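**Student:** Okay, so here is data-v5.tsv, and as you'll see once you scroll down, it has TSV, C-alpha atoms.
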```tsv
chain	number	residue	atom	x	y	z
A	30	MET	CA	102.75	143.84	72.51
A	31	LEU	CA	101.29	147.34	72.26
A	32	TRP	CA	98.55	148.54	74.58
A	33	GLN	CA	97.37	151.75	76.13
A	34	SER	CA	94.68	152.62	78.67
A	35	ASP	CA	92.29	155.47	77.88
A	36	LEU	CA	89.71	157.05	80.18
A	37	GLY	CA	86.71	159.26	79.48
A	38	ALA	CA	83.88	160.78	81.51
A	39	ALA	CA	80.87	162.90	80.53
A	40	LYS	CA	78.19	164.85	82.37
A	41	LYS	CA	74.92	165.89	80.69
A	42	PHE	CA	73.04	168.85	82.19
A	43	PRO	CA	69.78	170.72	81.35
A	44	ILE	CA	70.04	174.41	80.40
A	45	TYR	CA	66.53	175.71	79.71
A	46	LYS	CA	63.60	173.69	81.12
A	47	GLU	CA	65.12	170.51	79.69
A	48	ARG	CA	64.53	171.66	76.11
A	49	VAL	CA	68.17	172.47	75.63
A	50	SER	CA	70.93	170.46	77.23
A	51	GLY	CA	74.68	170.56	77.40
A	52	GLN	CA	77.39	168.03	77.88
A	53	PHE	CA	80.84	168.38	79.41
A	54	ARG	CA	83.41	165.70	78.55
A	55	GLY	CA	86.90	164.92	79.71
A	56	GLU	CA	89.13	162.32	78.04
A	57	VAL	CA	92.61	161.12	78.90
A	58	PHE	CA	94.59	159.06	76.39
A	59	ASN	CA	97.44	156.84	77.68
A	60	VAL	CA	96.45	157.34	81.34
A	61	PHE	CA	99.54	155.60	82.73
A	62	ASN	CA	101.90	157.36	80.27
A	63	ARG	CA	103.44	154.05	79.26
A	64	SER	CA	106.30	154.38	76.77
A	65	GLN	CA	106.23	152.12	73.72
A	66	TYR	CA	109.48	152.08	71.80
A	67	ALA	CA	110.08	150.95	68.24
A	68	ASN	CA	112.20	147.94	67.31
A	69	PRO	CA	115.90	148.32	68.11
A	70	SER	CA	118.38	148.89	65.32
A	71	SER	CA	120.33	145.83	64.26
A	72	ASN	CA	123.01	145.83	61.62
A	73	PHE	CA	124.95	142.58	61.65
A	74	SER	CA	127.04	143.55	58.61
A	75	SER	CA	128.76	146.42	60.47
A	76	ILE	CA	129.87	144.00	63.20
A	77	ALA	CA	131.01	141.36	60.71
A	78	SER	CA	132.96	143.85	58.58
A	79	ALA	CA	134.82	145.48	61.51
A	80	SER	CA	138.54	144.93	61.01
A	81	THR	CA	140.01	146.79	64.00
A	82	PRO	CA	139.11	146.68	67.67
A	83	ALA	CA	138.02	150.35	67.50
A	84	GLN	CA	135.62	149.64	64.62
A	85	LEU	CA	134.25	146.59	66.45
A	86	SER	CA	133.75	148.61	69.63
A	87	SER	CA	131.92	151.34	67.69
A	88	ALA	CA	129.72	148.78	65.89
A	89	LEU	CA	128.84	147.00	69.14
A	90	ALA	CA	128.02	150.31	70.88
A	91	SER	CA	125.44	151.22	68.24
A	92	PHE	CA	124.00	147.70	67.91
A	93	SER	CA	120.50	147.14	69.34
A	94	ASN	CA	119.87	150.77	70.36
A	95	THR	CA	116.27	151.90	70.65
A	96	SER	CA	115.96	155.56	69.79
A	97	SER	CA	112.43	156.01	68.43
A	98	VAL	CA	108.85	155.52	69.59
A	99	VAL	CA	106.14	153.50	67.85
A	100	ASN	CA	103.77	156.36	67.07
A	101	THR	CA	104.16	160.15	67.04
A	102	GLY	CA	100.57	160.94	66.01
A	103	ALA	CA	97.87	162.61	68.06
A	104	THR	CA	96.33	159.43	69.49
A	105	GLY	CA	96.86	155.71	69.29
A	106	GLY	CA	99.34	153.21	70.67
A	107	GLY	CA	102.65	154.68	71.76
A	108	THR	CA	101.73	158.34	72.11
A	109	PRO	CA	102.42	160.39	75.25
A	110	ARG	CA	99.62	161.17	77.69
A	111	ARG	CA	97.05	163.56	76.20
A	112	ILE	CA	94.12	165.24	77.96
A	113	GLN	CA	91.19	166.90	76.23
A	114	PHE	CA	88.04	168.61	77.45
A	115	SER	CA	84.94	169.54	75.46
A	116	LEU	CA	81.70	171.38	76.05
A	117	ARG	CA	78.72	170.73	73.81
A	118	PHE	CA	75.31	172.44	73.69
```
Output the structure of this file as structure tokens.

**Tutor:**
Amino acid sequence: MLWQSDLGAAKKFPIYKERVSGQFRGEVFNVFNRSQYANPSSNFSSIASASTPAQLSSALASFSNTSSVVNTGATGGGTPRRIQFSLRF
């Protein structure tokens, strides 16, 4: 199951006699920096076709290894913690 906790806060403030206002925002994506890894590799044919103990040992060592994350984009499930600030008038 994939999940991620995001957090955001904003503060609105008047600039000129309440005719013009501004807003400051802060957002944190993946607050707890929870890692979400992709499915492990599984290649049953390399184990079944191993004919020597060395080949079998090599095939078993690489079986079910997780070496990639779910998402490498800017935001979304599986990304590292990201923090952004913005100021709007």

**Student:** What is the CA of Pro109 (chain A) to CA of Ala38 (chain A) distance in Å?

**Tutor:** 19.6 Å

**Student:** Point out the residue among A:Val98, A:Val57, A:Leu116, A:Ala79 with the least atom-to-atom distance to Lys40 (chain A), counting only C-alpha atoms.

**Tutor:**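 Closest to Lys40 (chain A), using only C-alpha atoms: A:Leu116.
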
**Student:** Nearest residue to Phe118 (chain A) out of A:Glu47, A:Gln65, A:Trp32, A:Gln52, using all atoms listed in the file?

**Tutor:** A:Gln52

**Student:** Using CA of Ala39 (chain A) and CA of Arg63 (chain A) as the two end points, give the distance in Å to one decimal.

**Tutor:**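 Between CA of Ala39 (chain A) and CA of Arg63 (chain A) the gap is 24.3 Å.
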
**Student:** Separation of CA of Ala67 (chain A) and CA of Ser86 (chain A), in Å?

**Tutor:**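 Pair CA of Ala67 (chain A) / CA of Ser86 (chain A) returns 23.8 Å.
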
**Student:** Would you pick out the contacts of Arg117 (chain A) at 12 Å or less, using all atoms listed in the file, so that residues sharing its chain but fewer than 2 positions from it are not included, and give the list as a count of residues only?

**Tutor:** 15
